[in-house]
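Student: Dropping in upload-v2.cif, with mmCIF, C-alpha atoms and all ligand atoms.
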data_target
loop_
_atom_site.group_PDB
_atom_site.id
_atom_site.type_symbol
_atom_site.label_atom_id
_atom_site.label_comp_id
_atom_site.auth_asym_id
_atom_site.auth_seq_id
_atom_site.Cartn_x
_atom_site.Cartn_y
_atom_site.Cartn_z
ATOM 1 C CA MET I 286 44.767 -35.404 -2.537
ATOM 2 C CA ILE I 287 46.827 -36.649 -5.480
ATOM 3 C CA ILE I 288 45.318 -39.927 -6.601
ATOM 4 C CA THR I 289 47.607 -42.679 -7.831
ATOM 5 C CA GLN I 290 47.020 -46.198 -9.094
ATOM 6 C CA LYS I 291 49.485 -49.055 -9.210
ATOM 7 C CA LYS I 292 51.033 -49.798 -12.568
ATOM 8 C CA PRO I 293 50.884 -53.407 -13.712
ATOM 9 C CA LEU I 294 53.864 -55.158 -12.125
ATOM 10 C CA GLU I 295 55.023 -56.365 -15.546
ATOM 11 C CA GLU I 296 55.466 -52.764 -16.631
ATOM 12 C CA LEU I 297 57.675 -52.046 -13.642
ATOM 13 C CA LEU I 298 59.678 -55.221 -14.249
ATOM 14 C CA GLN I 299 60.308 -54.091 -17.833
ATOM 15 C CA MET I 300 61.770 -50.845 -16.498
ATOM 16 C CA LEU I 301 63.962 -52.811 -14.092
ATOM 17 C CA GLN I 302 65.501 -55.045 -16.744
ATOM 18 C CA GLY I 303 69.208 -55.493 -16.052
ATOM 19 C CA VAL I 304 68.843 -54.355 -12.435
ATOM 20 C CA THR I 305 69.163 -56.744 -9.498
ATOM 21 C CA LYS I 306 69.556 -54.460 -6.467
ATOM 22 C CA VAL I 307 66.792 -51.966 -5.790
ATOM 23 C CA ALA I 308 65.609 -49.567 -3.131
ATOM 24 C CA ILE I 309 61.977 -48.638 -2.602
ATOM 25 C CA VAL I 310 60.660 -45.203 -1.689
ATOM 26 C CA GLY I 311 57.012 -44.748 -0.747
ATOM 27 C CA CYS I 312 55.000 -41.770 0.424
ATOM 28 C CA GLY I 313 53.323 -41.489 3.795
ATOM 29 C CA ASN I 314 50.726 -39.033 2.579
ATOM 30 C CA CYS I 315 48.657 -39.302 -0.626
ATOM 31 C CA ALA I 316 50.109 -42.579 -1.907
ATOM 32 C CA ALA I 317 49.597 -44.201 1.487
ATOM 33 C CA ALA I 318 45.947 -43.116 1.427
ATOM 34 C CA CYS I 319 45.609 -44.429 -2.132
ATOM 35 C CA GLN I 320 47.064 -47.771 -1.034
ATOM 36 C CA THR I 321 49.843 -47.394 -3.593
ATOM 37 C CA GLY I 322 52.832 -46.374 -1.484
ATOM 38 C CA GLY I 323 52.341 -46.731 2.259
ATOM 39 C CA GLU I 324 54.190 -49.115 4.566
ATOM 40 C CA LYS I 325 51.956 -52.063 3.680
ATOM 41 C CA GLU I 326 52.377 -51.548 -0.071
ATOM 42 C CA ILE I 327 56.147 -51.111 0.304
ATOM 43 C CA GLN I 328 56.352 -54.461 2.083
ATOM 44 C CA GLU I 329 54.160 -56.083 -0.575
ATOM 45 C CA MET I 330 56.386 -54.651 -3.310
ATOM 46 C CA LYS I 331 59.493 -55.859 -1.471
ATOM 47 C CA THR I 332 58.074 -59.383 -1.317
ATOM 48 C CA LEU I 333 57.033 -59.339 -4.989
ATOM 49 C CA LEU I 334 60.460 -58.156 -6.107
ATOM 50 C CA GLU I 335 62.311 -60.622 -3.895
ATOM 51 C CA GLU I 336 60.186 -63.450 -5.265
ATOM 52 C CA ARG I 337 61.454 -62.422 -8.699
ATOM 53 C CA GLY I 338 65.107 -62.480 -7.662
ATOM 54 C CA PHE I 339 65.710 -58.819 -6.783
ATOM 55 C CA GLN I 340 67.649 -57.780 -3.717
ATOM 56 C CA VAL I 341 65.842 -54.985 -1.884
ATOM 57 C CA MET I 342 68.664 -53.000 -0.306
ATOM 58 C CA ALA I 343 66.584 -50.403 1.539
ATOM 59 C CA THR I 344 63.077 -49.046 1.929
ATOM 60 C CA VAL I 345 62.194 -45.475 2.811
ATOM 61 C CA LEU I 346 58.863 -43.885 3.638
ATOM 62 C CA PRO I 347 59.042 -40.074 3.732
ATOM 63 C CA ASP I 348 56.052 -38.385 5.326
ATOM 64 C CA GLU I 349 55.495 -36.585 2.009
ATOM 65 C CA CYS I 350 57.397 -37.635 -1.078
ATOM 66 C CA CYS I 351 56.740 -34.291 -2.824
ATOM 67 C CA HIS I 352 58.583 -32.375 -0.102
ATOM 68 C CA LYS I 353 62.136 -31.843 -1.299
ATOM 69 C CA MET I 354 63.731 -31.265 2.088
ATOM 70 C CA LEU I 355 62.021 -34.250 3.697
ATOM 71 C CA VAL I 356 62.990 -36.472 0.790
ATOM 72 C CA ARG I 357 66.575 -35.210 0.831
ATOM 73 C CA ARG I 358 66.815 -36.053 4.513
ATOM 74 C CA ASP I 359 65.099 -39.444 4.285
ATOM 75 C CA THR I 360 66.829 -40.717 1.144
ATOM 76 C CA LYS I 361 70.379 -40.113 2.427
ATOM 77 C CA VAL I 362 70.325 -43.708 3.571
ATOM 78 C CA LEU I 363 69.948 -44.836 -0.061
ATOM 79 C CA ARG I 364 73.196 -43.312 -1.275
ATOM 80 C CA ASP I 365 75.438 -46.071 0.029
ATOM 81 C CA CYS I 366 72.975 -48.942 0.187
ATOM 82 C CA GLY I 367 74.219 -50.548 -3.035
ATOM 83 C CA ALA I 368 70.958 -50.159 -4.955
ATOM 84 C CA GLU I 369 71.258 -49.777 -8.717
ATOM 85 C CA ALA I 370 67.804 -48.288 -9.094
ATOM 86 C CA VAL I 371 64.933 -46.971 -7.000
ATOM 87 C CA VAL I 372 61.301 -47.990 -7.246
ATOM 88 C CA GLY I 373 59.220 -44.884 -6.581
ATOM 89 C CA MET I 374 55.872 -45.648 -4.998
ATOM 90 C CA ALA I 375 54.542 -42.104 -4.925
ATOM 91 C CA CYS I 376 52.912 -39.778 -7.456
ATOM 92 C CA GLY I 377 54.885 -38.429 -10.414
ATOM 93 C CA ASP I 378 55.868 -35.437 -8.325
ATOM 94 C CA GLY I 379 57.223 -37.672 -5.591
ATOM 95 C CA VAL I 380 59.149 -39.853 -8.032
ATOM 96 C CA GLN I 381 60.792 -36.759 -9.525
ATOM 97 C CA THR I 382 61.539 -35.351 -6.097
ATOM 98 C CA VAL I 383 63.360 -38.561 -5.227
ATOM 99 C CA ALA I 384 65.225 -38.404 -8.550
ATOM 100 C CA ASP I 385 66.243 -34.814 -7.754
ATOM 101 C CA ASN I 386 67.940 -36.110 -4.636
ATOM 102 C CA ILE I 387 69.716 -39.239 -5.733
ATOM 103 C CA ALA I 388 71.986 -40.126 -8.657
ATOM 104 C CA LEU I 389 70.168 -43.341 -9.493
ATOM 105 C CA PRO I 390 67.390 -44.118 -11.944
ATOM 106 C CA VAL I 391 64.011 -43.869 -10.231
ATOM 107 C CA TYR I 392 61.244 -45.946 -11.798
ATOM 108 C CA PRO I 393 57.580 -45.236 -11.105
ATOM 109 C CA ALA I 394 55.472 -48.019 -9.648
ATOM 110 C CA ASN I 395 52.317 -45.916 -9.941
ATOM 111 C CA ASN I 396 50.361 -43.933 -12.453
ATOM 112 C CA THR I 397 49.367 -40.473 -11.277
ATOM 113 C CA MET I 398 45.700 -39.996 -12.012
ATOM 114 C CA PHE I 399 44.226 -36.754 -10.684
ATOM 115 C CA LEU I 400 43.647 -34.350 -7.852
ATOM 116 C CA GLY I 401 40.806 -36.056 -6.083
ATOM 117 C CA GLN I 402 38.089 -35.669 -3.537
ATOM 118 C CA VAL I 403 38.053 -38.545 -1.051
ATOM 119 C CA GLU I 404 34.493 -39.812 -0.726
ATOM 120 C CA ARG I 405 35.540 -42.523 1.692
ATOM 121 C CA VAL I 406 38.477 -44.890 2.036
ATOM 122 C CA GLY I 407 39.452 -46.059 -1.449
ATOM 123 C CA ILE I 408 36.838 -44.009 -3.358
ATOM 124 C CA PHE I 409 38.081 -40.883 -5.140
ATOM 125 C CA HIS I 410 36.545 -38.408 -7.556
ATOM 126 C CA GLU I 411 38.253 -35.871 -9.799
ATOM 127 C CA TYR I 412 36.974 -32.381 -9.009
ATOM 128 C CA CYS I 413 39.709 -29.967 -10.065
ATOM 129 C CA ARG I 414 42.206 -29.949 -12.930
ATOM 130 C CA MET I 415 44.260 -27.208 -11.323
ATOM 131 C CA CYS I 416 43.743 -24.862 -14.268
ATOM 132 C CA GLY I 417 45.090 -21.822 -12.422
ATOM 133 C CA ASP I 418 42.076 -19.610 -13.246
ATOM 134 C CA CYS I 419 39.189 -20.780 -11.087
ATOM 135 C CA VAL I 420 35.650 -20.173 -12.391
ATOM 136 C CA LEU I 421 33.754 -21.823 -9.537
ATOM 137 C CA GLY I 422 32.321 -18.461 -8.467
ATOM 138 C CA ASP I 423 30.400 -18.284 -11.755
ATOM 139 C CA THR I 424 29.291 -21.882 -11.890
ATOM 140 C CA GLY I 425 27.678 -22.602 -8.558
ATOM 141 C CA GLY I 426 30.787 -24.299 -7.242
ATOM 142 C CA ILE I 427 30.764 -27.006 -9.944
ATOM 143 C CA CYS I 428 33.863 -27.110 -12.109
ATOM 144 C CA PRO I 429 33.129 -27.226 -15.843
ATOM 145 C CA VAL I 430 36.811 -27.597 -16.668
ATOM 146 C CA THR I 431 36.845 -30.937 -14.874
ATOM 147 C CA GLN I 432 33.283 -32.200 -14.811
ATOM 148 C CA CYS I 433 32.385 -31.390 -18.423
ATOM 149 C CA ALA I 434 34.039 -33.985 -20.662
ATOM 150 C CA LYS I 435 34.930 -31.223 -23.123
ATOM 151 C CA GLY I 436 36.051 -28.797 -20.438
ATOM 152 C CA LEU I 437 33.596 -26.184 -21.751
ATOM 153 C CA VAL I 438 33.606 -23.043 -19.619
ATOM 154 C CA ASN I 439 31.008 -21.029 -21.532
ATOM 155 C CA GLY I 440 27.975 -23.272 -21.549
ATOM 156 C CA PRO I 441 26.850 -26.700 -22.685
ATOM 157 C CA CYS I 442 27.625 -28.342 -25.995
ATOM 158 C CA GLY I 443 23.989 -29.328 -26.468
ATOM 159 C CA GLY I 444 24.697 -33.014 -26.759
ATOM 160 C CA GLN I 445 23.398 -34.154 -23.382
ATOM 161 C CA LYS I 446 20.813 -36.923 -23.328
ATOM 162 C CA ASN I 447 18.458 -37.319 -20.378
ATOM 163 C CA GLY I 448 20.840 -35.242 -18.294
ATOM 164 C CA LYS I 449 23.806 -37.442 -19.134
ATOM 165 C CA CYS I 450 26.966 -36.399 -20.951
ATOM 166 C CA GLU I 451 27.170 -37.353 -24.621
ATOM 167 C CA VAL I 452 30.851 -38.192 -24.266
ATOM 168 C CA SER I 453 30.635 -40.204 -21.051
ATOM 169 C CA PRO I 454 27.013 -41.319 -20.555
ATOM 170 C CA GLU I 455 27.829 -42.664 -17.110
ATOM 171 C CA ASN I 456 28.371 -39.055 -15.984
ATOM 172 C CA ASP I 457 25.803 -36.323 -15.477
ATOM 173 C CA CYS I 458 26.113 -33.380 -17.847
ATOM 174 C CA ALA I 459 28.139 -30.840 -15.898
ATOM 175 C CA TRP I 460 26.274 -27.893 -17.376
ATOM 176 C CA ILE I 461 22.867 -29.267 -16.355
ATOM 177 C CA LYS I 462 24.273 -29.688 -12.854
ATOM 178 C CA ILE I 463 25.586 -26.134 -12.967
ATOM 179 C CA TYR I 464 22.182 -24.829 -14.122
ATOM 180 C CA GLN I 465 20.351 -26.740 -11.399
ATOM 181 C CA ARG I 466 22.801 -25.598 -8.770
ATOM 182 C CA LEU I 467 22.514 -21.945 -9.821
ATOM 183 C CA LEU I 468 18.703 -22.258 -9.748
ATOM 184 C CA LEU I 469 18.922 -23.658 -6.230
ATOM 185 C CA LEU I 470 21.142 -20.777 -5.168
ATOM 186 C CA GLY I 471 18.946 -18.176 -6.886
ATOM 187 C CA GLN I 472 21.923 -17.247 -9.063
ATOM 188 C CA GLU I 473 20.663 -18.334 -12.485
ATOM 189 C CA ASP I 474 21.218 -14.798 -13.757
ATOM 190 C CA LYS I 475 24.915 -15.645 -13.767
ATOM 191 C CA LEU I 476 24.238 -17.705 -16.877
ATOM 192 C CA LEU I 477 23.149 -14.533 -18.697
ATOM 193 C CA LYS I 478 26.365 -12.682 -17.993
ATOM 194 C CA PRO I 479 28.897 -12.497 -20.811
ATOM 195 C CA CYS I 480 31.481 -15.183 -20.330
ATOM 196 C CA ARG I 481 34.663 -13.834 -18.966
ATOM 197 C CA GLU I 482 37.667 -14.078 -21.176
ATOM 198 C CA ARG I 483 39.772 -16.934 -20.215
ATOM 199 C CA GLY I 484 43.297 -17.375 -21.383
ATOM 200 C CA TYR I 485 45.480 -20.341 -20.755
ATOM 201 C CA ALA I 486 48.565 -18.491 -19.565
ATOM 202 C CA ALA I 487 47.885 -19.691 -16.026
ATOM 203 C CA ASP I 488 47.905 -23.256 -17.319
ATOM 204 C CA ALA I 489 51.323 -23.041 -18.984
ATOM 205 C CA HIS I 490 53.665 -25.676 -17.645
ATOM 206 C CA PRO I 491 55.787 -25.963 -15.640
ATOM 207 C CA ARG I 492 54.395 -23.473 -13.156
ATOM 208 C CA HIS I 493 56.183 -22.091 -10.123
ATOM 209 C CA ILE I 494 55.059 -20.182 -7.059
ATOM 210 C CA ASP I 495 57.473 -18.489 -4.720
ATOM 211 C CA LEU I 496 55.856 -16.918 -1.672
ATOM 212 C CA ARG I 497 59.238 -15.575 -0.640
ATOM 213 C CA GLY I 498 59.492 -13.436 -3.758
ATOM 214 C CA LYS I 499 62.752 -14.976 -4.888
ATOM 215 C CA LYS I 500 63.443 -16.303 -8.317
ATOM 216 C CA LYS I 501 63.591 -20.081 -8.594
HETATM 217 S S1 LIG M 1 38.006 -23.905 -12.531
HETATM 218 FE FE1 LIG M 1 38.021 -26.057 -12.012
HETATM 219 S S2 LIG M 1 40.034 -26.779 -12.683
HETATM 220 FE FE2 LIG M 1 40.149 -24.562 -12.534
HETATM 221 S S3 LIG M 1 40.919 -24.192 -10.444
HETATM 222 FE FE3 LIG M 1 38.655 -24.050 -10.372
HETATM 223 S S4 LIG M 1 38.015 -26.124 -9.763
HETATM 224 FE FE4 LIG M 1 40.138 -26.282 -10.474
HETATM 225 S S1 LIG M 2 27.037 -33.213 -22.634
HETATM 226 FE FE1 LIG M 2 27.401 -31.741 -20.960
HETATM 227 S S2 LIG M 2 29.166 -32.546 -19.806
HETATM 228 FE FE2 LIG M 2 29.086 -33.643 -21.752
HETATM 229 S S3 LIG M 2 30.474 -32.537 -23.077
HETATM 230 FE FE3 LIG M 2 28.418 -31.666 -23.444
HETATM 231 S S4 LIG M 2 28.229 -29.939 -21.999
HETATM 232 FE FE4 LIG M 2 30.005 -31.161 -21.346
#
Now, as a test, write the supplied structure out as C-alpha cells.
Tutor:
Amino acid sequence: MIITQKKPLEELLQMLQGVTKVAIVGCGNCAAACQTGGEKEIQEMKTLLEERGFQVMATVLPDECCHKMLVRRDTKVLRDCGAEAVVGMACGDGVQTVADNIALPVYPANNTMFLGQVERVGIFHEYCRMCGDCVLGDTGGICPVTQCAKGLVNGPCGGQKNGKCEVSPENDCAWIKIYQRLLLLGQEDKLLKPCRERGYAADAHPRHIDLRGKKK
C-alpha cells in the first residue's frame, strides 16, 4: 500500500492563495486506508476549507486515484463545476493522475511517504523501496535496500551497536537481522557468495511497464 500523511493545513492554504472555489478529489484505496483521503477525510477537508471562506464546488472519490481511466470517468463532473483548483487527497501518483485529466491546478493535501506493510489499522512500515532489482532471495527475505539506513546490499557497514543501526539507533541493524534470518533458514553460506553486480538501470526514473508490448 502507498502510505500518505496529511500535509499541515497551512501549507495547503498557501498553495490555494488567490483561489476561492475548489473541488476535492480523494482516493478510495490507499489514501482511504491511511485516513488521508477517504470519504470521512474529504468531508473534514470540506468543512475546514468552508470555515476559511472557500466554496467547495464538488467532491469526488474514485475507487483508485492512480487509475487513469477511473479518474477520467469520475472527474468529468469537475469540468463544469466552477472550481478554480482541485485539492488532491491521494498519493503523488493520484494527484498527478487527476492533473492529467483536468485543466485545473491540482494541489496535494498529502505527502507521499512510502510503500508500506500494514501491521494493523493506522500502523505502517516501509519494507520495499521498489528498486526494480530484488535481492530478497539472497538476504533471507529482508530487504537491505530499505531496512539498512545506508541501503547497503553487500554487507554491513560495521557501525552497529548492540544490534542497533548506527544511523537510526531506534532500528535494528538490517544486516544483523539478515544474518540471523539466514542462520535460521540454514542459508548462511549465502553470505559467502560473491555479491552479485547490481546496477541502477532498473531504478532510473520514470519507469514504464507495458504488458501489451506497445510503446507508451
Ligand atoms: S530489494 Fe528491496 S527495494 Fe528492491 S524490490 Fe526487493 S524488497 Fe523492494
Ligand atoms: S548499522 Fe546496519 S543497518 Fe545501520 S547502516 Fe550500518 S549496516 Fe546498515
Student: Do you know which residues are within 10 Å of ligand LIG 1 (chain M) using only C-alpha atoms and all ligand atoms? Can you write them as JSON, numbers by chain?
Tutor: {"I": [400, 411, 412, 413, 414, 415, 416, 417, 418, 419, 420, 421, 422, 423, 424, 426, 427, 428, 429, 430, 431, 432, 436, 438, 487, 488]}
Student: Skip stretch 324-334 of chain I itself and residues of its chain fewer than 5 positions away, then list as JSON, numbers by chain all residues within 8 Å of it, counting all atoms listed in the file.
Tutor: {"I": [309, 310, 311, 313, 317, 339, 340, 341, 344, 346, 374]}
Student: Show me which residues line ligand LIG 2 (chain M), defined as having an atom within 7 Å of a ligand atom where all atoms listed in the file count, and present them as a PyMOL selection string.
Tutor: chain I and resi 432-437+440-445+449-453+457-461
Student: Kindly provide, as JSON, the centre and edge lengths (Å, one decimal) of an axis-aligned box around all atoms of stretch 452-456 of chain I given in the file, with 3 Å on each side.
Tutor:
{"center_x": 28.9, "center_y": -40.4, "center_z": -20.1, "size_x": 9.8, "size_y": 10.5, "size_z": 14.3}
Student: List the residues selected by the PyMOL selection byres (((chain I and resi 375) around 12) and not hetatm) in the file shown, writing them as a ChimeraX atom specification.
Tutor: /I:287-292,309-324,326-327,345-352,356,371-374,376-384,391-398
Student: One decimal, in Å: what's the spacing between atom CA of I:Gln299 and atom CA of I:Pro390?
Tutor: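 That distance, rounded to one decimal, is 13.6 Å.
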Student: By how many Å are atom CA of I:Arg364 and atom CA of I:Gln302 apart?
Tutor: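 Computing it gives 20.9 Å between the two atoms.
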Student: I'd like the interatomic distance between atom CA of I:Lys478 and atom CA of I:Lys462, to a tenth of an Å.
Tutor: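 Distance between the two atoms: 17.9 Å.
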Student: Using all atoms listed in the file for the distances, tell me which of I:Leu301, I:Ile494, I:Asn386, I:His410 is nearest to I:Asn456.
Tutor: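 Between I:Leu301, I:Ile494, I:Asn386, I:His410, the residue approaching I:Asn456 most closely is I:His410.
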Student: Write stretch 386-405 of chain I as a PDB file, keeping the file's coordinate frame, completed to N, CA and C atoms.
Tutor:
ATOM      1  N   ASN I 386      67.106 -35.985  -5.821  1.00  0.00           N
ATOM      2  CA  ASN I 386      67.940 -36.110  -4.636  1.00  0.00           C
ATOM      3  C   ASN I 386      68.896 -37.280  -4.662  1.00  0.00           C
ATOM      4  N   ILE I 387      68.855 -38.066  -5.724  1.00  0.00           N
ATOM      5  CA  ILE I 387      69.716 -39.239  -5.733  1.00  0.00           C
ATOM      6  C   ILE I 387      70.163 -39.541  -7.161  1.00  0.00           C
ATOM      7  N   ALA I 388      71.422 -39.892  -7.316  1.00  0.00           N
ATOM      8  CA  ALA I 388      71.986 -40.126  -8.657  1.00  0.00           C
ATOM      9  C   ALA I 388      71.778 -41.575  -9.081  1.00  0.00           C
ATOM     10  N   LEU I 389      70.540 -41.998  -9.054  1.00  0.00           N
ATOM     11  CA  LEU I 389      70.168 -43.341  -9.493  1.00  0.00           C
ATOM     12  C   LEU I 389      68.912 -43.217 -10.341  1.00  0.00           C
ATOM     13  N   PRO I 390      68.672 -44.145 -11.254  1.00  0.00           N
ATOM     14  CA  PRO I 390      67.390 -44.118 -11.944  1.00  0.00           C
ATOM     15  C   PRO I 390      66.253 -44.406 -10.962  1.00  0.00           C
ATOM     16  N   VAL I 391      65.185 -43.659 -11.097  1.00  0.00           N
ATOM     17  CA  VAL I 391      64.011 -43.869 -10.231  1.00  0.00           C
ATOM     18  C   VAL I 391      62.842 -44.253 -11.134  1.00  0.00           C
ATOM     19  N   TYR I 392      62.296 -45.437 -10.920  1.00  0.00           N
ATOM     20  CA  TYR I 392      61.244 -45.946 -11.798  1.00  0.00           C
ATOM     21  C   TYR I 392      59.899 -45.904 -11.084  1.00  0.00           C
ATOM     22  N   PRO I 393      58.886 -45.383 -11.764  1.00  0.00           N
ATOM     23  CA  PRO I 393      57.580 -45.236 -11.105  1.00  0.00           C
ATOM     24  C   PRO I 393      56.824 -46.559 -11.020  1.00  0.00           C
ATOM     25  N   ALA I 394      56.317 -46.839  -9.832  1.00  0.00           N
ATOM     26  CA  ALA I 394      55.472 -48.019  -9.648  1.00  0.00           C
ATOM     27  C   ALA I 394      53.998 -47.672  -9.813  1.00  0.00           C
ATOM     28  N   ASN I 395      53.717 -46.352  -9.886  1.00  0.00           N
ATOM     29  CA  ASN I 395      52.317 -45.916  -9.941  1.00  0.00           C
ATOM     30  C   ASN I 395      52.068 -45.043 -11.158  1.00  0.00           C
ATOM     31  N   ASN I 396      50.814 -44.962 -11.523  1.00  0.00           N
ATOM     32  CA  ASN I 396      50.361 -43.933 -12.453  1.00  0.00           C
ATOM     33  C   ASN I 396      49.671 -42.843 -11.642  1.00  0.00           C
ATOM     34  N   THR I 397      49.982 -41.601 -11.975  1.00  0.00           N
ATOM     35  CA  THR I 397      49.367 -40.473 -11.277  1.00  0.00           C
ATOM     36  C   THR I 397      48.107 -40.080 -12.026  1.00  0.00           C
ATOM     37  N   MET I 398      46.983 -40.094 -11.337  1.00  0.00           N
ATOM     38  CA  MET I 398      45.700 -39.996 -12.012  1.00  0.00           C
ATOM     39  C   MET I 398      45.101 -38.589 -11.971  1.00  0.00           C
ATOM     40  N   PHE I 399      44.879 -38.068 -10.773  1.00  0.00           N
ATOM     41  CA  PHE I 399      44.226 -36.754 -10.684  1.00  0.00           C
ATOM     42  C   PHE I 399      44.251 -36.236  -9.260  1.00  0.00           C
ATOM     43  N   LEU I 400      43.880 -34.952  -9.165  1.00  0.00           N
ATOM     44  CA  LEU I 400      43.647 -34.350  -7.852  1.00  0.00           C
ATOM     45  C   LEU I 400      42.235 -34.744  -7.448  1.00  0.00           C
ATOM     46  N   GLY I 401      42.096 -35.442  -6.352  1.00  0.00           N
ATOM     47  CA  GLY I 401      40.806 -36.056  -6.083  1.00  0.00           C
ATOM     48  C   GLY I 401      40.178 -35.708  -4.756  1.00  0.00           C
ATOM     49  N   GLN I 402      38.864 -35.727  -4.782  1.00  0.00           N
ATOM     50  CA  GLN I 402      38.089 -35.669  -3.537  1.00  0.00           C
ATOM     51  C   GLN I 402      37.997 -37.088  -2.990  1.00  0.00           C
ATOM     52  N   VAL I 403      38.172 -37.230  -1.684  1.00  0.00           N
ATOM     53  CA  VAL I 403      38.053 -38.545  -1.051  1.00  0.00           C
ATOM     54  C   VAL I 403      36.615 -38.691  -0.559  1.00  0.00           C
ATOM     55  N   GLU I 404      35.877 -39.592  -1.186  1.00  0.00           N
ATOM     56  CA  GLU I 404      34.493 -39.812  -0.726  1.00  0.00           C
ATOM     57  C   GLU I 404      34.509 -40.639   0.549  1.00  0.00           C
ATOM     58  N   ARG I 405      35.242 -41.708   0.518  1.00  0.00           N
ATOM     59  CA  ARG I 405      35.540 -42.523   1.692  1.00  0.00           C
ATOM     60  C   ARG I 405      36.772 -43.347   1.345  1.00  0.00           C
TER      61      ARG I 405
END
